[in-house]
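One file, data-v8.cif, carrying mmCIF, C-alpha atoms and all ligand atoms:
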```cif
data_target
#
loop_
_atom_site.label_atom_id
_atom_site.label_comp_id
_atom_site.auth_asym_id
_atom_site.auth_seq_id
_atom_site.Cartn_x
_atom_site.Cartn_y
_atom_site.Cartn_z
CA MET J 1070 -119.40 41.27 -74.20
CA GLY J 1071 -122.88 39.82 -73.90
CA VAL J 1072 -125.55 40.36 -76.50
CA GLU J 1073 -129.05 40.23 -75.11
CA LEU J 1074 -131.42 38.10 -77.15
CA ALA J 1075 -135.21 38.46 -76.96
CA VAL J 1076 -137.72 36.37 -78.94
CA ARG J 1077 -141.37 36.95 -79.81
CA PRO J 1078 -143.48 34.37 -81.68
CA TYR J 1079 -145.93 35.55 -84.32
CA ARG J 1080 -148.82 34.06 -86.24
CA ARG J 1081 -150.52 35.68 -89.24
CA ARG J 1082 -153.33 34.52 -91.44
CA PHE J 1083 -153.34 34.49 -95.23
CA VAL J 1084 -156.23 36.51 -96.69
CA GLN J 1085 -157.02 33.32 -98.60
CA PRO J 1086 -155.26 30.04 -97.88
CA LEU J 1087 -152.31 29.57 -100.22
CA HIS J 1088 -152.84 26.42 -102.27
CA THR J 1089 -149.75 24.46 -103.26
CA ALA J 1090 -149.10 20.84 -104.17
CA HIS J 1091 -148.56 20.36 -100.40
CA GLY J 1092 -152.11 21.45 -99.55
CA PRO J 1093 -153.55 24.71 -98.20
CA TRP J 1094 -151.40 27.05 -96.10
CA VAL J 1095 -153.62 29.03 -93.74
CA TRP J 1096 -151.36 30.49 -91.03
CA ARG J 1097 -147.77 31.69 -91.33
CA GLU J 1098 -146.00 31.18 -88.01
CA GLY J 1099 -142.52 32.32 -87.07
CA LEU J 1100 -140.39 34.23 -84.59
CA LEU J 1101 -138.98 37.71 -84.40
CA ILE J 1102 -135.63 38.06 -82.68
CA ARG J 1103 -134.17 41.21 -81.20
CA LEU J 1104 -130.52 41.57 -80.27
CA LYS J 1105 -129.34 44.36 -77.99
CA ASP J 1106 -125.69 45.06 -77.32
CA SER J 1107 -124.09 46.89 -74.39
CA LEU J 1108 -124.18 50.14 -76.38
CA GLY J 1109 -127.96 49.82 -76.62
CA ARG J 1110 -127.90 49.14 -80.37
CA LEU J 1111 -130.77 46.97 -81.64
CA GLY J 1112 -130.85 44.41 -84.44
CA TYR J 1113 -133.90 42.50 -85.65
CA GLY J 1114 -134.01 39.05 -87.22
CA GLU J 1115 -136.72 36.62 -88.25
CA VAL J 1116 -137.15 32.85 -88.13
CA ALA J 1117 -139.60 32.01 -90.95
CA PRO J 1118 -139.30 28.25 -91.56
CA ILE J 1119 -141.20 26.25 -94.19
CA SER J 1120 -141.74 22.70 -92.99
CA TRP J 1121 -142.00 21.06 -96.42
CA PHE J 1122 -138.62 22.52 -97.36
CA GLY J 1123 -137.12 20.66 -94.42
CA SER J 1124 -136.69 23.72 -92.17
CA GLU J 1125 -136.69 23.34 -88.41
CA SER J 1126 -140.01 23.83 -86.61
CA VAL J 1127 -140.85 27.11 -84.89
CA ALA J 1128 -140.76 25.21 -81.58
CA GLU J 1129 -137.21 23.95 -82.25
CA ALA J 1130 -136.04 27.45 -83.16
CA LEU J 1131 -137.70 28.89 -80.06
CA ALA J 1132 -136.08 26.28 -77.81
CA PHE J 1133 -132.64 27.06 -79.28
CA CYS J 1134 -133.06 30.82 -78.84
CA ARG J 1135 -134.40 30.53 -75.30
CA ALA J 1136 -131.44 28.33 -74.36
CA GLN J 1137 -128.93 31.02 -75.44
CA GLY J 1138 -129.39 33.99 -73.15
CA ASP J 1139 -126.35 36.31 -73.32
CA GLY J 1140 -123.32 35.40 -75.39
CA TRP J 1141 -125.08 33.36 -78.07
CA ARG J 1142 -122.31 34.18 -80.55
CA SER J 1143 -119.91 31.97 -78.68
CA ARG J 1144 -121.82 28.93 -79.88
CA PRO J 1145 -122.15 28.09 -83.57
CA ILE J 1146 -125.73 27.57 -84.75
CA PRO J 1147 -126.25 23.95 -85.89
CA ASP J 1148 -126.92 23.31 -89.59
CA GLU J 1149 -130.16 21.59 -88.56
CA LEU J 1150 -131.52 25.08 -87.77
CA PRO J 1151 -131.12 26.95 -91.10
CA ALA J 1152 -133.94 29.47 -90.51
CA THR J 1153 -132.41 30.26 -87.11
CA GLN J 1154 -128.96 30.72 -88.69
CA PHE J 1155 -130.50 33.27 -91.07
CA ALA J 1156 -132.35 35.04 -88.24
CA LEU J 1157 -129.42 35.40 -85.85
CA GLU J 1158 -126.80 36.26 -88.47
CA SER J 1159 -129.03 38.86 -90.08
CA ALA J 1160 -130.02 40.30 -86.66
CA LEU J 1161 -126.33 40.76 -85.92
CA ALA J 1162 -125.80 42.40 -89.32
CA ASP J 1163 -128.74 44.69 -88.55
CA LEU J 1164 -127.23 45.56 -85.17
CA THR J 1165 -124.02 46.68 -86.84
CA GLY J 1166 -125.86 48.70 -89.51
CA GLU J 1167 -125.39 46.35 -92.45
CA ILE J 1168 -129.06 45.85 -93.34
CA ALA J 1169 -130.95 49.17 -93.23
CA GLY J 1170 -130.50 50.99 -96.51
CA LYS J 1171 -128.53 48.10 -98.05
CA GLU J 1172 -131.54 46.37 -99.56
CA PRO J 1173 -132.90 47.62 -102.89
CA ALA J 1174 -135.77 50.02 -102.23
CA ILE J 1175 -138.94 48.31 -103.40
CA PRO J 1176 -141.93 50.49 -102.64
CA ALA J 1177 -145.34 49.17 -103.59
CA ASP J 1178 -145.77 51.07 -106.84
CA SER J 1179 -146.07 49.93 -110.40
CA PHE J 1180 -142.55 51.03 -111.39
CA ALA J 1181 -141.01 48.94 -108.63
CA ASN J 1182 -143.28 45.97 -109.36
CA ALA J 1183 -141.55 45.51 -112.72
CA ALA J 1184 -138.60 44.14 -110.69
CA ILE J 1185 -140.79 41.74 -108.74
CA CYS J 1186 -142.50 38.56 -109.83
CA GLY J 1187 -146.26 38.80 -109.19
CA LEU J 1188 -147.89 35.79 -107.60
CA LEU J 1189 -150.95 34.15 -109.15
CA PRO J 1190 -153.42 31.86 -107.38
CA ALA J 1191 -153.74 28.21 -108.41
CA GLY J 1192 -156.76 27.26 -110.49
CA PRO J 1193 -158.96 29.06 -113.03
CA SER J 1194 -159.04 32.37 -111.13
CA VAL J 1195 -155.58 32.91 -112.63
CA LEU J 1196 -157.35 34.19 -115.76
CA GLU J 1197 -158.98 36.99 -113.75
CA ILE J 1198 -156.04 37.82 -111.50
CA ALA J 1199 -153.22 37.87 -114.09
CA PRO J 1200 -154.42 41.07 -115.86
CA GLN J 1201 -154.71 42.73 -112.43
CA ARG J 1202 -151.08 41.87 -111.67
CA LEU J 1203 -150.00 43.36 -115.01
CA ALA J 1204 -151.99 46.51 -114.19
CA GLN J 1205 -150.03 46.70 -110.93
CA GLY J 1206 -146.84 46.83 -113.00
CA HIS J 1207 -145.59 43.23 -112.80
CA ARG J 1208 -144.01 41.82 -115.95
CA THR J 1209 -143.14 38.38 -114.59
CA LEU J 1210 -145.86 36.21 -113.04
CA LYS J 1211 -145.71 32.95 -111.14
CA TRP J 1212 -148.47 30.37 -111.16
CA LYS J 1213 -148.80 27.29 -108.98
CA ILE J 1214 -149.52 24.11 -110.94
CA GLY J 1215 -150.05 20.49 -109.94
CA VAL J 1216 -153.04 21.49 -107.81
CA HIS J 1217 -155.87 20.70 -110.28
CA PRO J 1218 -156.03 18.01 -113.02
CA ALA J 1219 -153.26 18.64 -115.55
CA THR J 1220 -155.65 18.73 -118.53
CA ASP J 1221 -157.59 21.61 -116.89
CA GLU J 1222 -154.44 23.49 -115.87
CA ILE J 1223 -152.94 23.18 -119.37
CA ARG J 1224 -156.16 24.51 -120.88
CA TRP J 1225 -156.09 27.54 -118.51
CA LEU J 1226 -152.41 28.10 -119.30
CA GLU J 1227 -153.04 28.12 -123.03
CA GLN J 1228 -155.83 30.67 -122.54
CA LEU J 1229 -153.62 32.73 -120.24
CA VAL J 1230 -150.77 32.82 -122.74
CA LYS J 1231 -153.17 34.12 -125.41
CA ASP J 1232 -154.65 36.75 -123.09
CA LEU J 1233 -151.37 38.29 -121.92
CA PRO J 1234 -149.00 40.57 -123.87
CA ASN J 1235 -145.84 38.95 -125.25
CA SER J 1236 -143.63 40.93 -122.89
CA THR J 1237 -145.02 38.80 -120.03
CA ARG J 1238 -142.88 36.01 -118.57
CA LEU J 1239 -144.54 33.12 -116.73
CA ARG J 1240 -142.97 30.89 -114.11
CA LEU J 1241 -144.82 27.64 -113.46
CA ASP J 1242 -144.26 26.20 -109.98
CA ALA J 1243 -145.14 22.54 -109.41
CA ASN J 1244 -143.65 22.34 -105.89
CA GLY J 1245 -142.29 18.88 -106.76
CA GLY J 1246 -145.83 17.57 -107.22
CA LEU J 1247 -145.66 16.10 -110.75
CA SER J 1248 -144.96 12.56 -111.91
CA LEU J 1249 -142.26 12.11 -114.55
CA ALA J 1250 -144.94 11.61 -117.23
CA GLN J 1251 -146.73 14.81 -116.14
CA ALA J 1252 -143.45 16.76 -116.11
CA GLU J 1253 -142.80 15.60 -119.68
CA GLN J 1254 -146.32 16.63 -120.65
CA TRP J 1255 -145.87 20.11 -119.13
CA LEU J 1256 -142.43 20.62 -120.68
CA ALA J 1257 -143.75 19.62 -124.11
CA VAL J 1258 -146.57 22.20 -123.71
CA CYS J 1259 -144.06 24.86 -122.57
CA ASP J 1260 -141.73 24.14 -125.52
CA ARG J 1261 -144.66 24.39 -127.91
CA ILE J 1262 -145.82 27.71 -126.40
CA ASN J 1263 -142.29 29.15 -126.50
CA ALA J 1264 -141.73 28.00 -130.09
CA HIS J 1265 -144.82 29.86 -131.33
CA PRO J 1266 -144.97 33.07 -129.33
CA GLN J 1267 -148.49 34.47 -129.59
CA GLY J 1268 -148.42 36.09 -126.20
CA ALA J 1269 -146.73 35.37 -122.90
CA ALA J 1270 -143.67 33.09 -122.78
CA ILE J 1271 -142.73 30.47 -120.19
CA GLN J 1272 -139.55 31.51 -118.37
CA TYR J 1273 -139.15 28.23 -116.53
CA LEU J 1274 -140.85 25.26 -114.92
CA GLU J 1275 -140.02 25.23 -111.21
CA GLN J 1276 -139.34 22.00 -109.29
CA PRO J 1277 -141.38 19.59 -111.45
CA LEU J 1278 -140.34 16.48 -109.46
CA PRO J 1279 -139.58 15.84 -105.79
CA PRO J 1280 -135.97 16.44 -104.62
CA ASP J 1281 -135.16 12.70 -104.56
CA GLN J 1282 -135.62 12.63 -108.37
CA PHE J 1283 -132.68 14.92 -109.13
CA ASP J 1284 -131.23 12.72 -111.88
CA GLN J 1285 -134.56 12.65 -113.73
CA MET J 1286 -134.77 16.46 -113.58
CA LEU J 1287 -131.19 16.80 -114.81
CA GLU J 1288 -132.09 14.51 -117.70
CA LEU J 1289 -135.21 16.59 -118.49
CA THR J 1290 -133.01 19.69 -118.88
CA GLN J 1291 -131.27 17.88 -121.75
CA ARG J 1292 -134.48 16.82 -123.50
CA TYR J 1293 -136.51 20.03 -123.40
CA LYS J 1294 -135.72 23.62 -124.31
CA THR J 1295 -137.78 25.24 -121.54
CA ALA J 1296 -135.59 25.96 -118.53
CA ILE J 1297 -136.12 24.10 -115.26
CA ALA J 1298 -135.56 25.70 -111.86
CA LEU J 1299 -134.81 23.88 -108.63
CA ASP J 1300 -136.49 25.16 -105.48
CA GLU J 1301 -137.38 22.46 -102.90
CA SER J 1302 -134.16 20.63 -103.96
CA VAL J 1303 -132.01 23.57 -102.87
CA ALA J 1304 -133.58 24.81 -99.65
CA THR J 1305 -130.23 25.26 -97.89
CA VAL J 1306 -126.66 26.23 -98.80
CA PRO J 1307 -125.35 22.63 -98.44
CA GLU J 1308 -128.11 21.51 -100.85
CA LEU J 1309 -127.17 24.27 -103.31
CA GLU J 1310 -123.55 23.09 -103.16
CA GLY J 1311 -124.66 19.47 -103.59
CA CYS J 1312 -126.77 20.11 -106.70
CA TRP J 1313 -124.02 22.28 -108.20
CA GLN J 1314 -121.48 19.48 -107.65
CA ARG J 1315 -123.87 17.00 -109.30
CA GLY J 1316 -123.95 19.12 -112.42
CA TRP J 1317 -126.98 21.37 -112.16
CA ARG J 1318 -126.46 24.48 -114.31
CA GLY J 1319 -130.12 25.46 -114.61
CA VAL J 1320 -131.86 28.01 -112.41
CA PHE J 1321 -131.65 27.87 -108.61
CA VAL J 1322 -134.47 29.46 -106.62
CA VAL J 1323 -133.03 30.72 -103.34
CA LYS J 1324 -135.08 31.64 -100.30
CA PRO J 1325 -132.52 33.35 -98.07
CA ALA J 1326 -134.83 33.11 -95.03
CA ILE J 1327 -134.54 29.30 -94.97
CA ALA J 1328 -131.17 28.83 -96.71
CA GLY J 1329 -129.05 29.09 -93.56
CA SER J 1330 -126.03 31.31 -93.01
CA PRO J 1331 -126.15 34.44 -95.22
CA GLN J 1332 -122.33 34.55 -95.25
CA GLN J 1333 -122.14 30.99 -96.59
CA LEU J 1334 -124.84 31.76 -99.18
CA GLU J 1335 -122.90 34.77 -100.39
CA ALA J 1336 -119.69 32.71 -100.59
CA PHE J 1337 -121.48 30.06 -102.73
CA CYS J 1338 -122.83 32.75 -105.08
CA HIS J 1339 -119.50 34.48 -105.55
CA LYS J 1340 -117.62 31.22 -106.03
CA HIS J 1341 -119.84 29.63 -108.71
CA ARG J 1342 -121.88 32.52 -110.19
CA PRO J 1343 -124.97 30.29 -110.56
CA ARG J 1344 -128.22 31.36 -112.26
CA LEU J 1345 -130.19 32.58 -109.25
CA VAL J 1346 -133.72 33.75 -108.62
CA PHE J 1347 -134.23 35.10 -105.11
CA SER J 1348 -137.54 34.38 -103.51
CA SER J 1349 -139.59 35.12 -100.43
CA ALA J 1350 -140.55 32.61 -97.76
CA PHE J 1351 -143.59 34.72 -96.82
CA GLU J 1352 -141.60 36.47 -94.13
CA THR J 1353 -142.48 39.78 -92.45
CA VAL J 1354 -140.72 43.09 -93.16
CA VAL J 1355 -137.87 41.95 -90.88
CA GLY J 1356 -136.91 38.86 -92.87
CA ARG J 1357 -137.78 40.51 -96.17
CA ARG J 1358 -135.35 43.39 -95.61
CA ALA J 1359 -132.53 41.00 -94.72
CA ALA J 1360 -133.32 38.65 -97.63
CA LEU J 1361 -133.35 41.53 -100.14
CA ALA J 1362 -130.04 42.84 -98.78
CA ILE J 1363 -128.54 39.37 -99.38
CA ALA J 1364 -130.03 39.23 -102.88
CA ALA J 1365 -128.46 42.61 -103.70
CA ARG J 1366 -125.04 41.43 -102.47
CA CYS J 1367 -125.20 38.06 -104.26
CA SER J 1368 -126.30 39.31 -107.68
CA PRO J 1369 -125.24 42.91 -108.25
CA GLY J 1370 -126.54 44.42 -111.47
CA PRO J 1371 -129.59 43.34 -113.48
CA ALA J 1372 -131.14 40.18 -112.08
CA PRO J 1373 -134.25 38.12 -112.90
CA ALA J 1374 -137.43 39.43 -111.28
CA LEU J 1375 -137.34 38.91 -107.52
CA GLY J 1376 -139.84 36.41 -106.15
CA PHE J 1377 -141.04 38.81 -103.47
CA GLY J 1378 -144.58 39.55 -104.69
CA THR J 1379 -145.96 38.55 -101.31
CA GLN J 1380 -147.21 41.84 -99.93
CA GLY J 1381 -150.93 42.11 -99.41
CA TRP J 1382 -151.29 38.33 -98.97
CA PHE J 1383 -151.95 38.56 -95.24
CA ASP J 1384 -155.01 39.59 -93.31
CA ASP J 1385 -153.22 42.34 -91.31
CA ASP J 1386 -151.46 45.70 -91.68
CA TRP J 1387 -147.96 44.43 -90.90
CA ASP J 1388 -146.58 45.24 -94.36
CA THR J 1389 -146.92 48.94 -93.47
CA LEU J 1390 -144.88 48.69 -90.24
CA THR J 1391 -141.18 49.13 -89.54
CA PRO J 1392 -139.36 46.27 -87.78
CA ALA J 1393 -139.46 48.18 -84.46
CA GLU J 1394 -143.19 48.88 -84.83
CA LEU J 1395 -143.89 45.24 -85.63
CA TRP J 1396 -141.83 44.10 -82.64
CA ASP J 1397 -143.80 46.39 -80.32
CA LYS J 1398 -147.06 45.04 -81.68
CA LEU J 1399 -146.29 41.40 -80.86
MG MG K 1401 -141.27 27.13 -105.63
#
```
Take the structure I supplied and represent it as structure tokens, if you would.
Amino acid sequence: MGVELAVRPYRRRFVQPLHTAHGPWVWREGLLIRLKDSLGRLGYGEVAPISWFGSESVAEALAFCRAQGDGWRSRPIPDELPATQFALESALADLTGEIAGKEPAIPADSFANAAICGLLPAGPSVLEIAPQRLAQGHRTLKWKIGVHPATDEIRWLEQLVKDLPNSTRLRLDANGGLSLAQAEQWLAVCDRINAHPQGAAIQYLEQPLPPDQFDQMLELTQRYKTAIALDESVATVPELEGCWQRGWRGVFVVKPAIAGSPQQLEAFCHKHRPRLVFSSAFETVVGRRAALAIAARCSPGPAPALGFGTQGWFDDDWDTLTPAELWDKL
């Protein structure tokens, strides 16, 4: 039985470019996929790759999808196309009714925001924005570091920690942009802050070093008390498996939209019970719904705040649309 596959590219602009250690991110580009079976049932999926995490390009995903036509299920999706694996598998799950209603309901209100990590901009504007995020109900906040000189960023952090209530948890994300000496400097600051709680505490330092410096990061986990999370190191399920086998027992940040097969991700989670934080890849409602459904299946019960505080970051009204409405708009 053939499954019809249609693809529509999208492009959306950040309200303000997102500054990371990889430079500014201005446009989010991806694909929406729609599957239709012979019964007329529809399933939506999304390809939302991130190039600096090693995902395939939008053009590669598009070429693969266009080459499928009917009967795409008869061919396995290559591991080189992890964002496409996520899109097609989750579109099929949507088609068979496994997505809608299976994700935790996260409306944009302050009660729900307590379960979601709020995102803070890099640089000194963090001091202005952080209280606004708390007013929106967030209790966990994530700040990008490694963008400005470390001495400035550490000064802003120390001010921030004093300004915020001690129920606040901060995640510092370096996107692999620190040197070993800078990572040591940051971890020493975090340990000092956490040892003398005057206000907010540091939950973890995320991906201090590039993925090829795994051994150094593993060693840092033994020398400092502040937890370290891997993100860029574990973009895909095979990379999660690899870091687990090499002894990583710290936090893993998982972006389901770029991790590859949702079934394989779930199998990894159930087999090892790792410390997981699920995170967005700045996908639309289509990928977000599927990613949250996976997060709910992989870590039932209380989980660390979800890294999905990405609504309102784009210069459009797409966050208010259903998958079908968004599809029709493209
Ligand atoms: Mg990160």
message = Residues contacting ligand MG 1401 (chain K) - anything with an atom at most 12 Å away, using only C-alpha atoms and all ligand atoms - can you give me those as a VMD selection string?
response = chain J and resid 1089 to 1091 1119 1121 to 1122 1188 1211 to 1215 1240 to 1246 1273 to 1280 1297 to 1304 1320 to 1324 1346 to 1351 1376 to 1377
Selected residue of minimal separation from J:Tyr1113 among J:Val1230, J:Met1286, J:Ala1364, J:Leu1395, counting all atoms listed in the file =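 The closest residue to J:Tyr1113 is J:Leu1395.
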key: Å distance separating atom CA of J:Thr1353 from atom CA of J:Gly1092, one decimal place   =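 For atom CA of J:Thr1353 relative to atom CA of J:Gly1092, the distance reads 21.9 Å.
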For J:His1265, the nearest of the candidates J:Trp1396, J:Pro1307, J:Lys1231, J:Ala1219, counting only C-alpha atoms =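 Of J:Trp1396, J:Pro1307, J:Lys1231, J:Ala1219, the one nearest J:His1265 is J:Lys1231, counting only C-alpha atoms.
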request  = Tell me which protein, DNA and RNA residues are within 12 Å of J:Gln1254, counting all atoms listed in the file, leaving out same-chain ones fewer than 2 positions away, and put them as a PyMOL selection string.
outcome  = chain J and resi 1215+1219-1220+1222-1223+1247-1252+1256-1261+1274+1277+1289+1293
query = Separation of atom CA of J:Ala1372 and atom CA of J:Ile1185, in Å?
reply =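 Taking atom CA of J:Ala1372 as the start and atom CA of J:Ile1185 as the end point, the length is 10.3 Å.
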request  = Between J:Thr1389, J:Gln1205, J:Ser1194, J:Gln1333, single out the one closest to J:Leu1226, counting all atoms listed in the file.
outcome  = J:Ser1194
request  = Work out how far atom CA of J:Cys1367 is from atom CA of J:Glu1115, in Å to one decimal.
outcome  =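 About the pair atom CA of J:Glu1115 and atom CA of J:Cys1367: they are 19.8 Å apart.
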inquiry  = If we count all atoms listed in the file and set the cut-off at 6 Å, which residues sit around J:Lys1105, ignoring sequence neighbours fewer than 5 positions away in its own chain? Please answer as an MDAnalysis selection string.
reply    = chainID J and resid 1072:1073 1110:1111
request  = Compare J:Gly1112, J:Pro1151, J:Gly1123, J:Pro1078 by their minimum atom-to-atom distance to J:Gly1099, counting all atoms listed in the file, and give me the closest one.
outcome  =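 Checking each of J:Gly1112, J:Pro1151, J:Gly1123, J:Pro1078 against J:Gly1099, counting all atoms listed in the file, the winner is J:Pro1078.
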request  = Have a look at J:Pro1331, J:Pro1343, J:Pro1093, J:Pro1118 and name the one nearest to J:Arg1318; count all atoms listed in the file.
outcome  =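 Smallest distance to J:Arg1318 is found for J:Pro1343.
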Near-J:Ala1152 list (10 Å; only C-alpha atoms; drop same-chain fewer than 3 positions) as a PyMOL selection string = chain J and resi 1099-1100+1115-1119+1124-1127+1130+1148-1149+1155-1157+1305+1325-1330
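With only C-alpha atoms as the basis for measurement, J:Val1095 is the residue among J:Arg1238, J:Val1095, J:Trp1313, J:Leu1399 that approaches J:Arg1082 most closely.
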task = Would you kindly return, as a list in words, each protein, DNA or RNA residue with an atom no farther than 10 Å from any atom of J:Asp1388, considering only C-alpha atoms and excluding same-chain residues fewer than 4 positions away?
result = Thr1353, Val1354, Val1355, Thr1379, Gln1380, Gly1381, Trp1382, Phe1383, Pro1392 and Leu1395 of chain J
inquiry  = Need the shell around J:Val1195: protein/DNA/RNA residues with any atom at most 9 Å away, counting all atoms listed in the file. Skip same-chain ones fewer than 4 positions apart. Format as an MDAnalysis selection string?
reply    = chainID J and resid 1189:1191 1199:1200 1212 1225:1226 1229
Would you mind exporting the chosen residues as a PDB file, in the frame of the given file, restricted to C-alpha atoms?
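This went into result_18.pdb:
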```
ATOM      1  CA  LEU J1189    -150.950  34.150-109.150  1.00  0.00           C
ATOM      2  CA  PRO J1190    -153.420  31.860-107.380  1.00  0.00           C
ATOM      3  CA  ALA J1191    -153.740  28.210-108.410  1.00  0.00           C
ATOM      4  CA  ALA J1199    -153.220  37.870-114.090  1.00  0.00           C
ATOM      5  CA  PRO J1200    -154.420  41.070-115.860  1.00  0.00           C
ATOM      6  CA  TRP J1212    -148.470  30.370-111.160  1.00  0.00           C
ATOM      7  CA  TRP J1225    -156.090  27.540-118.510  1.00  0.00           C
ATOM      8  CA  LEU J1226    -152.410  28.100-119.300  1.00  0.00           C
ATOM      9  CA  LEU J1229    -153.620  32.730-120.240  1.00  0.00           C
TER      10      LEU J1229
END
```
